[in-house]
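Enquirer: Just so it is clear, I am handing over final.txt, which has compact mmCIF, C-alpha atoms and all ligand atoms.
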```
# COMPACT_ATOMS: atom_id res chain seq x y z
CA MET A 1 93.18 57.77 58.80
CA THR A 2 94.87 59.21 55.75
CA GLY A 3 94.30 57.68 52.36
CA ILE A 4 92.25 57.36 49.25
CA ARG A 5 88.88 59.01 49.41
CA ILE A 6 86.36 57.21 47.25
CA PRO A 7 83.70 59.41 45.70
CA SER A 8 80.73 59.28 47.94
CA THR A 9 77.25 60.63 47.76
CA GLY A 10 76.24 59.90 51.30
CA HIS A 11 72.68 60.76 52.25
CA ASP A 12 71.81 62.52 55.44
CA GLY A 13 75.49 62.93 56.33
CA ILE A 14 76.13 59.18 56.22
CA ALA A 15 79.07 58.14 54.05
CA TRP A 16 81.74 55.47 54.01
CA PRO A 17 84.92 56.46 55.81
CA ALA A 18 88.04 56.97 53.68
CA LEU A 19 89.87 53.80 52.65
CA PRO A 20 93.29 53.33 54.17
CA SER A 21 96.29 53.82 51.89
CA PRO A 22 97.93 50.56 50.69
CA ALA A 23 100.75 51.11 53.23
CA ASP A 24 98.27 51.59 56.09
CA ALA A 25 96.25 48.58 54.93
CA ALA A 26 99.39 46.39 55.05
CA LEU A 27 100.14 47.72 58.52
CA LEU A 28 96.61 47.01 59.74
CA ALA A 29 96.77 43.47 58.31
CA LEU A 30 100.02 42.88 60.18
CA MET A 31 98.52 44.28 63.39
CA TYR A 32 95.61 41.87 63.02
CA GLN A 33 98.14 39.02 62.82
CA PHE A 34 100.14 40.39 65.79
CA GLU A 35 97.04 40.48 67.97
CA ARG A 36 96.85 36.73 67.54
CA SER A 37 100.51 35.73 67.53
CA GLU A 38 101.33 37.51 70.81
CA TRP A 39 99.14 34.91 72.56
CA TRP A 40 100.71 31.90 70.81
CA SER A 41 102.61 29.42 72.97
CA PRO A 42 106.42 29.69 72.82
CA GLU A 43 106.47 26.39 70.88
CA THR A 44 104.07 27.64 68.19
CA LEU A 45 106.01 30.89 67.87
CA LEU A 46 109.33 29.02 67.57
CA ALA A 47 107.92 26.77 64.83
CA ALA A 48 106.81 29.86 62.89
CA GLN A 49 110.21 31.51 63.44
CA LEU A 50 112.12 28.43 62.23
CA GLY A 51 109.95 28.27 59.12
CA GLN A 52 110.77 31.89 58.34
CA LEU A 53 114.48 31.37 59.14
CA GLU A 54 114.66 28.46 56.68
CA GLY A 55 113.67 30.88 53.94
CA LEU A 56 116.13 33.50 55.20
CA LEU A 57 119.02 31.01 55.30
CA ALA A 58 118.29 29.70 51.79
CA HIS A 59 118.09 33.26 50.46
CA ALA A 60 121.31 34.31 52.25
CA ALA A 61 123.27 31.25 51.07
CA ARG A 62 122.12 31.85 47.50
CA THR A 63 122.46 35.64 47.15
CA VAL A 64 124.78 36.97 49.88
CA PRO A 65 128.49 36.30 49.11
CA PHE A 66 129.49 36.38 52.79
CA TYR A 67 127.17 33.47 53.61
CA ARG A 68 127.78 31.25 50.58
CA GLU A 69 130.07 28.85 52.44
CA ARG A 70 129.20 29.80 55.97
CA LEU A 71 125.65 28.45 55.69
CA GLN A 72 126.30 25.56 53.34
CA ALA A 73 125.75 22.76 55.87
CA ALA A 74 122.40 24.16 56.98
CA VAL A 75 120.94 24.59 53.49
CA GLU A 76 122.38 21.67 51.50
CA PRO A 77 119.82 19.39 49.85
CA GLY A 78 118.77 16.75 52.32
CA ALA A 79 119.46 18.99 55.34
CA GLY A 80 115.77 18.61 56.20
CA ARG A 81 113.67 21.07 58.15
CA LEU A 82 115.59 23.62 60.21
CA THR A 83 115.78 22.67 63.88
CA LEU A 84 116.91 24.74 66.83
CA LYS A 85 119.86 22.36 67.17
CA THR A 86 121.05 23.07 63.61
CA TRP A 87 120.42 26.78 64.11
CA ARG A 88 122.61 26.85 67.20
CA GLN A 89 125.49 25.36 65.25
CA LEU A 90 125.60 28.30 62.85
CA PRO A 91 128.50 30.67 63.53
CA ILE A 92 127.83 33.87 65.47
CA LEU A 93 128.25 37.13 63.59
CA GLY A 94 130.31 39.80 65.35
CA ARG A 95 130.33 43.52 64.77
CA GLN A 96 133.81 43.24 63.31
CA ASP A 97 132.63 40.55 60.84
CA ILE A 98 130.06 43.05 59.54
CA GLN A 99 132.66 45.78 59.17
CA GLU A 100 135.10 43.48 57.40
CA ALA A 101 132.47 41.91 55.11
CA GLY A 102 131.26 45.31 53.87
CA ALA A 103 129.25 44.93 50.66
CA ALA A 104 129.68 41.13 50.72
CA LEU A 105 126.88 41.08 53.32
CA THR A 106 124.37 42.63 50.95
CA SER A 107 122.08 40.42 48.89
CA SER A 108 122.65 40.56 45.12
CA ASP A 109 118.98 39.72 44.62
CA ILE A 110 116.70 41.48 47.11
CA PRO A 111 113.19 40.12 46.38
CA PRO A 112 111.19 42.87 44.61
CA ALA A 113 108.28 42.18 46.96
CA HIS A 114 110.42 43.50 49.86
CA GLY A 115 110.33 46.98 48.34
CA SER A 116 113.03 49.63 48.17
CA ALA A 117 116.23 49.19 50.19
CA ARG A 118 117.58 52.03 52.29
CA ASP A 119 120.86 52.39 54.20
CA VAL A 120 120.79 52.69 57.99
CA SER A 121 123.92 53.39 60.04
CA THR A 122 124.52 52.87 63.72
CA SER A 123 125.38 56.00 65.66
CA GLY A 124 128.99 55.02 66.17
CA SER A 125 128.87 55.39 69.94
CA THR A 126 130.79 52.13 70.10
CA GLY A 127 133.53 52.96 67.67
CA ARG A 128 133.21 52.51 63.92
CA PRO A 129 129.58 52.65 62.79
CA ILE A 130 128.10 49.81 60.77
CA THR A 131 125.74 50.27 57.85
CA VAL A 132 123.00 47.83 56.83
CA LYS A 133 120.04 48.04 54.47
CA THR A 134 116.40 48.05 55.50
CA THR A 135 113.52 47.21 53.16
CA GLU A 136 109.83 48.15 53.03
CA ILE A 137 109.16 44.86 54.82
CA THR A 138 111.53 45.46 57.74
CA ARG A 139 110.23 49.02 58.05
CA LEU A 140 106.64 47.72 58.01
CA PHE A 141 107.41 45.35 60.91
CA ASN A 142 108.98 48.21 62.85
CA ARG A 143 105.93 50.40 62.29
CA ALA A 144 103.66 47.58 63.44
CA ILE A 145 105.72 47.07 66.61
CA ASN A 146 105.60 50.80 67.23
CA LEU A 147 101.83 50.77 66.95
CA ARG A 148 101.67 47.68 69.20
CA TYR A 149 103.74 49.62 71.77
CA HIS A 150 101.12 52.40 71.85
CA LEU A 151 98.23 49.91 72.07
CA TRP A 152 99.88 47.81 74.78
CA HIS A 153 100.36 50.90 76.92
CA ASP A 154 96.93 52.26 76.16
CA ARG A 155 98.20 55.58 74.85
CA ASP A 156 95.72 58.27 73.96
CA PHE A 157 96.21 59.07 70.28
CA SER A 158 94.86 62.58 70.66
CA ALA A 159 97.59 63.44 73.18
CA THR A 160 100.70 65.59 72.72
CA THR A 161 104.12 63.93 72.77
CA ALA A 162 107.32 65.81 73.59
CA ILE A 163 110.57 64.26 72.37
CA ILE A 164 113.89 65.38 73.84
CA ARG A 165 116.77 63.73 72.02
CA ILE A 166 119.58 64.31 69.52
CA PRO A 167 117.83 66.12 66.63
CA ASP A 168 117.07 63.79 63.71
CA GLY A 169 115.17 63.88 60.44
CA ASN A 170 111.82 63.71 62.26
CA ALA A 171 112.62 66.89 64.20
CA ALA A 172 113.53 68.64 60.94
CA ARG A 173 110.27 67.51 59.29
CA ALA A 174 108.25 68.67 62.29
CA ALA A 175 110.04 72.04 62.25
CA ALA A 176 108.95 72.35 58.61
CA GLY A 177 105.37 71.59 59.66
CA LYS A 178 105.33 68.08 58.11
CA ASP A 179 104.54 64.71 59.67
CA THR A 180 103.75 66.16 63.05
CA GLY A 181 101.81 63.14 64.37
CA TRP A 182 103.46 60.43 66.45
CA ALA A 183 101.45 57.31 65.55
CA TYR A 184 101.00 55.32 62.35
CA VAL A 185 97.53 54.85 60.79
CA TYR A 186 95.72 56.67 63.59
CA PRO A 187 95.53 60.44 63.43
CA SER A 188 97.40 61.60 66.50
CA GLY A 189 98.11 64.70 68.51
CA PRO A 190 101.21 66.79 67.78
CA THR A 191 104.84 65.86 68.36
CA LEU A 192 107.11 68.53 69.80
CA PHE A 193 110.90 68.26 69.64
CA PHE A 194 113.67 69.69 71.82
CA ASP A 195 117.42 69.24 71.56
CA VAL A 196 118.83 67.10 74.37
CA THR A 197 122.20 68.88 74.18
CA LYS A 198 120.57 72.10 75.48
CA PRO A 199 120.91 72.73 79.25
CA VAL A 200 118.55 70.68 81.43
CA SER A 201 117.11 73.88 82.92
CA GLU A 202 116.02 74.99 79.41
CA GLN A 203 114.53 71.56 78.73
CA LEU A 204 112.55 71.62 81.96
CA ALA A 205 111.26 75.18 81.40
CA TRP A 206 110.18 74.12 77.88
CA LEU A 207 108.41 71.04 79.27
CA GLU A 208 106.55 73.13 81.84
CA ARG A 209 105.48 75.57 79.13
CA GLN A 210 104.41 72.90 76.61
CA ASN A 211 102.91 70.65 79.27
CA PRO A 212 102.86 67.48 77.11
CA ASP A 213 101.01 64.24 77.90
CA TYR A 214 103.94 62.02 77.00
CA LEU A 215 107.68 62.62 77.23
CA VAL A 216 110.15 60.58 75.18
CA THR A 217 113.83 60.86 76.16
CA TYR A 218 116.95 58.97 77.27
CA PRO A 219 116.97 57.50 80.81
CA SER A 220 120.01 59.61 81.81
CA ASN A 221 118.28 62.77 80.64
CA LEU A 222 115.05 61.83 82.42
CA ALA A 223 117.08 61.35 85.61
CA ALA A 224 118.62 64.82 85.20
CA LEU A 225 115.19 66.40 84.56
CA LEU A 226 113.74 64.72 87.65
CA ARG A 227 116.66 65.88 89.77
CA LEU A 228 116.24 69.49 88.71
CA SER A 229 112.47 69.32 88.96
CA ARG A 230 112.72 68.09 92.53
CA GLU A 231 115.06 70.97 93.37
CA THR A 232 113.12 73.74 91.64
CA GLY A 233 109.51 72.56 91.59
CA VAL A 234 109.37 73.27 87.83
CA ARG A 235 107.45 70.41 86.20
CA PRO A 236 105.19 69.36 83.32
CA ALA A 237 102.02 69.21 85.40
CA GLY A 238 99.87 67.23 82.96
CA LEU A 239 102.42 64.53 82.11
CA ARG A 240 100.95 61.00 81.99
CA GLU A 241 103.91 58.80 81.05
CA ALA A 242 107.66 59.02 80.47
CA ILE A 243 108.93 56.82 77.64
CA THR A 244 112.62 56.01 77.56
CA LEU A 245 114.85 54.65 74.82
CA SER A 246 118.44 54.03 73.65
CA GLU A 247 120.17 53.57 77.02
CA VAL A 248 119.99 51.15 79.91
CA LEU A 249 117.14 52.17 82.22
CA ASP A 250 118.09 51.88 85.88
CA PRO A 251 115.14 50.81 88.08
CA ALA A 252 116.05 53.79 90.32
CA VAL A 253 114.94 56.15 87.51
CA ARG A 254 111.52 54.48 87.42
CA ALA A 255 111.22 54.98 91.16
CA ALA A 256 112.38 58.60 90.97
CA CYS A 257 109.83 59.35 88.22
CA ARG A 258 107.05 57.93 90.36
CA ARG A 259 108.25 59.93 93.35
CA VAL A 260 108.86 63.30 91.68
CA TRP A 261 106.21 63.42 88.92
CA ASP A 262 103.98 60.51 89.96
CA VAL A 263 104.02 59.01 86.47
CA PRO A 264 105.21 55.61 85.20
CA VAL A 265 108.24 55.05 82.96
CA THR A 266 107.91 52.71 79.97
CA ASP A 267 110.98 51.42 78.17
CA SER A 268 111.82 49.57 74.97
CA TYR A 269 114.93 47.95 73.52
CA SER A 270 115.95 48.55 69.93
CA ALA A 271 119.01 48.90 67.72
CA GLN A 272 119.41 50.75 64.44
CA GLU A 273 120.78 47.67 62.69
CA CYS A 274 117.97 45.26 63.69
CA GLY A 275 115.02 47.49 64.58
CA MET A 276 112.73 47.02 67.59
CA ILE A 277 113.87 44.07 69.69
CA ALA A 278 111.71 44.16 72.84
CA LEU A 279 108.92 46.24 74.37
CA GLN A 280 107.97 46.62 78.01
CA CYS A 281 105.06 44.34 78.96
CA PRO A 282 101.74 46.19 79.44
CA GLU A 283 101.56 44.82 83.00
CA HIS A 284 105.15 44.43 84.21
CA PRO A 285 108.44 46.33 84.07
CA HIS A 286 110.14 43.53 82.10
CA TYR A 287 110.36 43.24 78.32
CA HIS A 288 108.74 41.01 75.70
CA VAL A 289 110.92 40.05 72.74
CA GLN A 290 109.16 40.98 69.49
CA GLY A 291 109.27 37.39 68.26
CA GLU A 292 107.30 38.06 65.07
CA SER A 293 110.18 40.23 63.86
CA VAL A 294 113.33 38.96 65.59
CA LEU A 295 114.74 35.78 67.07
CA VAL A 296 116.65 36.68 70.24
CA GLU A 297 119.10 34.27 71.87
CA VAL A 298 120.78 35.01 75.19
CA LEU A 299 123.98 33.00 75.40
CA GLY A 300 126.29 32.19 78.31
CA SER A 301 130.08 32.10 78.13
CA ASP A 302 130.01 28.59 76.60
CA ASP A 303 127.47 29.75 73.97
CA ALA A 304 124.77 27.67 75.67
CA PRO A 305 121.36 29.37 75.95
CA CYS A 306 120.73 31.07 79.32
CA GLY A 307 117.75 30.05 81.44
CA PRO A 308 115.48 32.30 83.54
CA GLY A 309 117.49 34.46 85.94
CA GLU A 310 120.72 34.03 83.97
CA THR A 311 122.55 36.82 82.17
CA GLY A 312 124.29 36.44 78.84
CA ARG A 313 125.17 38.02 75.50
CA VAL A 314 122.29 39.09 73.27
CA VAL A 315 122.33 37.49 69.81
CA VAL A 316 119.67 38.81 67.40
CA THR A 317 118.41 37.68 64.00
CA ASN A 318 115.93 39.82 62.11
CA LEU A 319 113.55 37.32 60.50
CA HIS A 320 112.67 39.48 57.51
CA ASP A 321 115.87 41.26 56.56
CA PHE A 322 116.51 39.90 53.08
CA ALA A 323 118.72 42.87 52.09
CA THR A 324 121.54 42.61 54.67
CA PRO A 325 120.77 39.43 56.59
CA LEU A 326 122.44 39.55 60.01
CA ILE A 327 122.28 35.91 61.07
CA ARG A 328 123.00 35.28 64.77
CA TYR A 329 124.33 38.82 65.23
CA GLU A 330 125.98 39.45 68.58
CA ILE A 331 124.84 42.96 69.19
CA GLY A 332 127.17 43.71 72.11
CA ASP A 333 124.56 43.99 74.88
CA TYR A 334 123.93 41.72 77.84
CA ALA A 335 120.47 40.79 79.11
CA GLU A 336 118.89 38.70 81.84
CA VAL A 337 116.36 36.06 80.74
CA GLY A 338 112.95 36.07 82.47
CA GLU A 339 110.31 33.45 83.29
CA ALA A 340 107.16 33.13 81.18
CA CYS A 341 105.00 36.22 81.80
CA SER A 342 101.82 36.10 83.86
CA CYS A 343 100.12 38.44 81.35
CA GLY A 344 99.65 35.34 79.17
CA ARG A 345 101.64 36.46 76.16
CA GLY A 346 103.91 33.75 74.79
CA LEU A 347 106.55 36.25 73.65
CA ALA A 348 109.88 35.57 75.43
CA VAL A 349 110.77 37.71 78.44
CA LEU A 350 113.93 39.68 79.19
CA ASN A 351 114.04 40.86 82.79
CA ARG A 352 116.70 43.48 82.25
CA ILE A 353 118.95 44.87 79.57
CA LEU A 354 122.35 45.40 81.13
CA GLY A 355 124.34 47.32 78.57
CA ARG A 356 127.58 46.47 76.92
CA VAL A 357 130.73 44.74 77.99
CA ARG A 358 132.47 48.10 78.49
CA ASN A 359 129.85 48.96 81.12
CA MET A 360 131.11 46.11 83.28
CA ALA A 361 133.68 46.68 86.01
CA ILE A 362 136.71 44.42 86.24
CA LEU A 363 138.51 43.33 89.40
CA PRO A 364 142.26 42.62 89.72
CA SER A 365 141.32 38.90 89.72
CA GLY A 366 139.92 39.34 86.19
CA GLU A 367 136.37 38.80 87.47
CA THR A 368 133.78 41.18 86.02
CA PHE A 369 130.51 42.54 87.43
CA TRP A 370 127.77 45.06 86.66
CA PRO A 371 128.30 48.06 88.94
CA ARG A 372 125.15 49.36 90.60
CA PHE A 373 125.61 53.08 90.60
CA TYR A 374 123.05 55.83 90.39
CA SER A 375 124.23 59.43 90.41
CA ASP A 376 121.12 60.57 92.33
CA ASP A 377 122.38 58.72 95.36
CA LEU A 378 125.58 60.75 95.21
CA ALA A 379 123.45 63.90 95.31
CA LYS A 380 122.36 62.88 98.80
CA VAL A 381 125.88 63.43 100.18
CA ALA A 382 127.11 66.32 98.00
CA PRO A 383 125.70 68.78 95.42
CA VAL A 384 126.43 66.47 92.46
CA ARG A 385 124.56 67.25 89.24
CA GLN A 386 126.08 64.65 86.96
CA ALA A 387 128.51 61.80 87.50
CA GLN A 388 130.33 59.20 85.49
CA LEU A 389 132.80 56.52 86.55
CA VAL A 390 135.61 55.64 84.15
CA GLN A 391 137.70 52.60 85.00
CA ARG A 392 141.31 53.14 83.88
CA SER A 393 142.94 49.99 85.26
CA VAL A 394 141.94 47.09 87.47
CA HIS A 395 142.92 49.30 90.43
CA ASP A 396 141.94 52.84 89.38
CA ILE A 397 138.65 54.53 88.65
CA ASP A 398 138.17 58.17 87.65
CA VAL A 399 135.12 59.84 89.16
CA ARG A 400 133.99 62.59 86.80
CA LEU A 401 131.67 65.05 88.47
CA VAL A 402 129.63 68.10 87.57
CA VAL A 403 128.90 69.94 90.82
CA ALA A 404 126.75 72.91 91.80
CA ARG A 405 129.68 74.39 93.80
CA PRO A 406 133.19 73.23 94.75
CA LEU A 407 133.04 70.33 97.20
CA THR A 408 134.63 70.38 100.63
CA ALA A 409 137.28 67.78 101.49
CA GLU A 410 134.76 66.16 103.79
CA GLU A 411 132.15 65.85 101.02
CA GLU A 412 134.71 64.32 98.68
CA GLU A 413 135.63 61.84 101.41
CA ARG A 414 131.98 60.89 101.88
CA LEU A 415 131.48 60.45 98.12
CA ASN A 416 134.57 58.27 98.08
CA SER A 417 133.11 55.88 100.64
CA VAL A 418 129.60 55.85 99.07
CA ILE A 419 131.05 54.94 95.66
CA LEU A 420 133.34 52.26 97.09
CA GLU A 421 130.37 50.81 98.89
CA TYR A 422 128.51 50.59 95.56
CA LEU A 423 131.46 48.97 93.85
CA GLY A 424 132.15 46.55 96.69
CA HIS A 425 135.90 46.67 96.08
CA PRO A 426 138.61 49.08 97.41
CA PHE A 427 139.48 50.73 94.06
CA THR A 428 141.58 53.91 94.13
CA LEU A 429 139.26 56.74 93.10
CA GLY A 430 140.49 59.95 91.46
CA PHE A 431 138.08 62.91 91.33
CA THR A 432 137.84 65.08 88.21
CA TYR A 433 135.57 68.13 88.02
CA MET A 434 133.98 69.09 84.72
CA ASP A 435 131.52 71.71 83.41
CA GLU A 436 129.59 69.04 81.57
CA ILE A 437 129.97 65.32 80.84
CA PRO A 438 129.17 65.07 77.14
CA ARG A 439 126.99 62.47 75.45
CA SER A 440 128.29 60.30 72.64
CA ALA A 441 127.57 61.30 69.02
CA GLY A 442 124.48 59.08 69.07
CA GLY A 443 123.17 60.81 72.21
CA LYS A 444 123.94 57.98 74.60
CA TYR A 445 125.25 58.51 78.10
CA GLU A 446 126.95 55.87 80.21
CA ASP A 447 127.22 55.98 84.00
CA PHE A 448 130.05 53.51 84.04
CA VAL A 449 132.65 52.92 81.33
CA SER A 450 135.61 50.57 81.59
CA LEU A 451 138.64 51.29 79.43
CA VAL A 452 140.34 48.07 80.56
CA GLU A 453 140.67 45.39 77.86
CA GLN A 454 138.39 42.48 78.79
ZN ZN B 1 103.77 40.21 79.86
```
If you took the structure in this file and wrote it as C-alpha cells, what would it be?

Expert:
Amino acid sequence: MTGIRIPSTGHDGIAWPALPSPADAALLALMYQFERSEWWSPETLLAAQLGQLEGLLAHAARTVPFYRERLQAAVEPGAGRLTLKTWRQLPILGRQDIQEAGAALTSSDIPPAHGSARDVSTSGSTGRPITVKTTEITRLFNRAINLRYHLWHDRDFSATTAIIRIPDGNAARAAAGKDTGWAYVYPSGPTLFFDVTKPVSEQLAWLERQNPDYLVTYPSNLAALLRLSRETGVRPAGLREAITLSEVLDPAVRAACRRVWDVPVTDSYSAQECGMIALQCPEHPHYHVQGESVLVEVLGSDDAPCGPGETGRVVVTNLHDFATPLIRYEIGDYAEVGEACSCGRGLAVLNRILGRVRNMAILPSGETFWPRFYSDDLAKVAPVRQAQLVQRSVHDIDVRLVVARPLTAEEEERLNSVILEYLGHPFTLGFTYMDEIPRSAGGKYEDFVSLVEQ
C-alpha cells in the first residue's frame, strides 16, 4: 500500500502500517460498499439506481444545454420520484447526437466534489471518434470495478501480467520504469507490455521468454497466438489465465485456450465513453452488469426491454458522469440478456455480447443474423492463418485470407463449402489473398464486417 507514513516509534519491530493515500482510502471505501451491493436484490439495486439517476437528470437539465428541453418533462416540479416507466420515455441518445451536440453536452457547472475533468476519446474504429469528459468520480468507479475484477477472479497480486495490445500511455510509463504494477491499492507484480502489431511469432517467443502468470490481449490476437502455439509448441508454460478485452469473445476461443494452454479465458465489456460496463461472473462465462456504476438496458426493435434469452441493442447510462452525461446512450453493440445468476449476485446478467450492427450478415430478404464463423475451423481444411469475411452486397461476400502457402483449387473449393455452411445461405464468395489483415486504429479486429446499409 502506498501512502502517507506516519512517524512511528514501534517497539520490538511492531509498528502501525502506512496509512492509505486519500485516493486509496476512497477506493477502499467504495470497495467496501461494492462487497455489499453486489448481493442486493435486483429491486434494491434498481431503487438505488433510480435515486442516483434523479440527481443526474436534475443536474443535466439544469447545467447541460443539450438536455435543457429534452429532459424537461422528467424533472419539472411535481414530476414526483423517478420511475422506470418515466425513465423509459426519455429519448435515446445516438452516437450521431453526441457528435452533433459537441460542447452542448458538457455541463457548465461540474460539481467541484467530482474533481478534475479530463477528455477521453473513442478509438474511432467505427468512424468519427467521440470525445467525452471523465471526472475523479467516474475514474474512481472504474478503478473500483477493476479491483473487483481481480478479486472476483481470485488473481494473485504478486504475479506478473503481460499485456499485448496497441501501445498506450501505460506502456510508455512502464517503459520509463514508472507505474509498473497492475492493481490499484495492492502492491502488485510487474506489468510487461508488447505491441500487438508485431508479428504473432515475435509475440509468442516473447511470451515464452517472459513466462507471465496472466496475459491480457484481444480475443482475435489470443486466437492467433493459440493457433501458432499449437503448430510450434512454443508456449508460456506458467500461464494461469488469459484475460481478453475490447472485442467480441467467441466461445470457440475459450475452448481453444483450454485445449492448447489448459488455462481459462476471462472477459469483460467496457467502452471508452462509459467505462467498465460488465465483468465475467466469478463462476460462469456470462457477464454481470456493473450496476453500481451504469444502468444497462437491452432493447428490442420496438424499444421494449428484452427478457432472458432475447437479443437487443445495448443502451447505457453512466450513473455518475456529471461532466458529459450520456443519458440512455445507444452504444452500438448488441447483447443477449441472461437469467438471474446462480452465484447469488443480484447484478443483471448478459449472456453474450454480440458486437455491432455491421457485424451482422444480411440476406436478400433484408433479414439479418449473427454469422457464426471462427477462422480456426478454416485452418482444418486449408493452411489459413487469418481470415475475415466482408459482405459487399446481399449476394456477395469477400473472403480475405492470409495463408501459409498458396492454396490448391481443391482447398479453395472446400473452404467455399465450409464457409457457406457456416453462413447457411448460398452467397457468392470471392477469395482475396493478403499478407496481413490489419487491425483498426483502436486495435480491434472483426471476423465479419458488412458494408451493406442496414
Ligand atoms: Zn454470477

Enquirer: Could you please extract the residues within 9 Å of ligand ZN 1 (chain B), counting all atoms listed in the file, and hand them back as a list in words?

Expert: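 Counting all atoms listed in the file, the residues within 9 Å of ligand ZN 1 (chain B) come out as Gln280, Cys281, Pro282, Glu283, His284, Pro285, His286, Tyr287, His288, Ala340, Cys341, Ser342, Cys343, Gly344, Arg345, Gly346, Leu347, Ala348 and Val349 of chain A.
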
Enquirer: Just the number, please: distance in Å from atom CA of Lys198 of chain A to atom CA of Asp213 of chain A, one decimal.

Expert: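 According to the coordinates, atom CA of Lys198 of chain A and atom CA of Asp213 of chain A are separated by 21.2 Å.
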
Enquirer: Calculated over all atoms listed in the file, which of the candidates A:Thr83, A:Ser365, A:Thr122, A:Thr131 has the smallest distance to Glu100 of chain A?

Expert: A:Thr131

Enquirer: Please report the interatomic distance between atom CA of Val75 of chain A and atom CA of Leu57 of chain A in Å with one decimal.

Expert: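 One can read the atom CA of Val75 of chain A to atom CA of Leu57 of chain A distance as 6.9 Å.
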
Enquirer: Could you check the closest approach to Gln388 of chain A for each of A:Arg356, A:Arg439, A:Arg95, A:Lys85 and tell me which residue wins, using only C-alpha atoms?

Expert: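 So, comparing all the options, the nearest one is A:Arg439.
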
Enquirer: What does the structure give for the distance between atom CA of Glu421 of chain A and atom CA of Leu225 of chain A, in Å to one decimal?

Expert: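 Here the two named atoms are 26.1 Å from each other.
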
Enquirer: Quick one: residues within 9 Å of Leu45 of chain A, all atoms listed in the file, excluding same-chain residues fewer than 5 positions away - as a PyMOL selection string?

Expert: chain A and resi 37-38+40+50+291-292+346-347

Enquirer: Pick the closest to Leu415 of chain A from A:Ala382, A:Ala171, A:Ala256, A:Ile397: which is it, counting only C-alpha atoms?

Expert: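 So, comparing all the options, the nearest one is A:Ala382.
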
Enquirer: Nearest residue to Asp109 of chain A out of A:Thr197, A:Thr428, A:Gln391, A:Thr63, using all atoms listed in the file?

Expert: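 Closest residue, counting all atoms listed in the file: A:Thr63.
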
Enquirer: Produce the centre coordinates and the three edge lengths, each in Å to one decimal, of the box along x, y and z that contains all listed atoms of segment 238-242 of chain A with 3 Å added on each side, as lines of an AutoDock Vina configuration file.

Expert:
```
center_x = 103.8
center_y = 63.0
center_z = 81.7
size_x = 13.8
size_y = 14.4
size_z = 8.5
```

Enquirer: Leaving out segment 238-248 of chain A and any residue of its chain fewer than 6 positions from it, which residues lie within 10 Å of it when counting all atoms listed in the file, given as a short mmCIF file (atom, residue, chain, number, x, y, z; two decimals) with C-alpha atoms, keeping the file's coordinate frame?

Expert:
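What follows is the written file selection-v4.cif:
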```
data_model
loop_
_atom_site.label_atom_id
_atom_site.label_comp_id
_atom_site.auth_asym_id
_atom_site.auth_seq_id
_atom_site.Cartn_x
_atom_site.Cartn_y
_atom_site.Cartn_z
CA HIS A 153 100.36 50.90 76.92
CA ARG A 155 98.20 55.58 74.85
CA ASP A 156 95.72 58.27 73.96
CA ALA A 159 97.59 63.44 73.18
CA THR A 160 100.70 65.59 72.72
CA THR A 161 104.12 63.93 72.77
CA ALA A 162 107.32 65.81 73.59
CA ILE A 163 110.57 64.26 72.37
CA ARG A 165 116.77 63.73 72.02
CA LEU A 207 108.41 71.04 79.27
CA GLU A 208 106.55 73.13 81.84
CA GLN A 210 104.41 72.90 76.61
CA ASN A 211 102.91 70.65 79.27
CA PRO A 212 102.86 67.48 77.11
CA ASP A 213 101.01 64.24 77.90
CA TYR A 214 103.94 62.02 77.00
CA LEU A 215 107.68 62.62 77.23
CA VAL A 216 110.15 60.58 75.18
CA THR A 217 113.83 60.86 76.16
CA TYR A 218 116.95 58.97 77.27
CA PRO A 219 116.97 57.50 80.81
CA SER A 220 120.01 59.61 81.81
CA ASN A 221 118.28 62.77 80.64
CA LEU A 222 115.05 61.83 82.42
CA ARG A 254 111.52 54.48 87.42
CA CYS A 257 109.83 59.35 88.22
CA ARG A 258 107.05 57.93 90.36
CA TRP A 261 106.21 63.42 88.92
CA ASP A 262 103.98 60.51 89.96
CA VAL A 263 104.02 59.01 86.47
CA PRO A 264 105.21 55.61 85.20
CA VAL A 265 108.24 55.05 82.96
CA THR A 266 107.91 52.71 79.97
CA ASP A 267 110.98 51.42 78.17
CA SER A 268 111.82 49.57 74.97
CA TYR A 269 114.93 47.95 73.52
CA SER A 270 115.95 48.55 69.93
CA ALA A 271 119.01 48.90 67.72
CA GLN A 272 119.41 50.75 64.44
CA ASP A 333 124.56 43.99 74.88
CA ARG A 352 116.70 43.48 82.25
CA ILE A 353 118.95 44.87 79.57
CA LEU A 354 122.35 45.40 81.13
CA GLY A 355 124.34 47.32 78.57
CA ARG A 356 127.58 46.47 76.92
CA GLY A 442 124.48 59.08 69.07
CA GLY A 443 123.17 60.81 72.21
CA LYS A 444 123.94 57.98 74.60
CA TYR A 445 125.25 58.51 78.10
CA GLU A 446 126.95 55.87 80.21
CA ASP A 447 127.22 55.98 84.00
#
```

Enquirer: Which residue is closest to Ile437 of chain A? Choose from A:Val289, A:Val452, A:Val403, A:Ala409 and count all atoms listed in the file.

Expert: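 Of A:Val289, A:Val452, A:Val403, A:Ala409, the one nearest Ile437 of chain A is A:Val403, counting all atoms listed in the file.
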
Enquirer: Within 12 Å of (127.5, 32.5, 70.2) (file coordinates; all atoms listed in the file), which protein or nucleic acid residues are there? I'd like them as number ranges by chain.

Expert: A: 87-94, 296-306, 312-316, 327-332

Enquirer: Need to verify the contact set: Pro325 of chain A, 9 Å, all atoms listed in the file, exclusion of same-chain residues closer than 5 positions in sequence. Can you return it as an MDAnalysis selection string?

Expert: chainID A and resid 56:57 60 64 105:107 132:133 317:320

Enquirer: Can you tell me which residues surround Ala104 of chain A at a distance of at most 10 Å, considering all atoms listed in the file, apart from same-chain residues fewer than 5 positions away, and format the answer as a count of residues only?

Expert: 7

Enquirer: Find, counting only C-alpha atoms, the residue in A:Ala26, A:Leu226, A:Ala79, A:Ala101 that gets nearest to Ala144 of chain A.

Expert: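 Under the stated criterion, the closest residue is A:Ala26.
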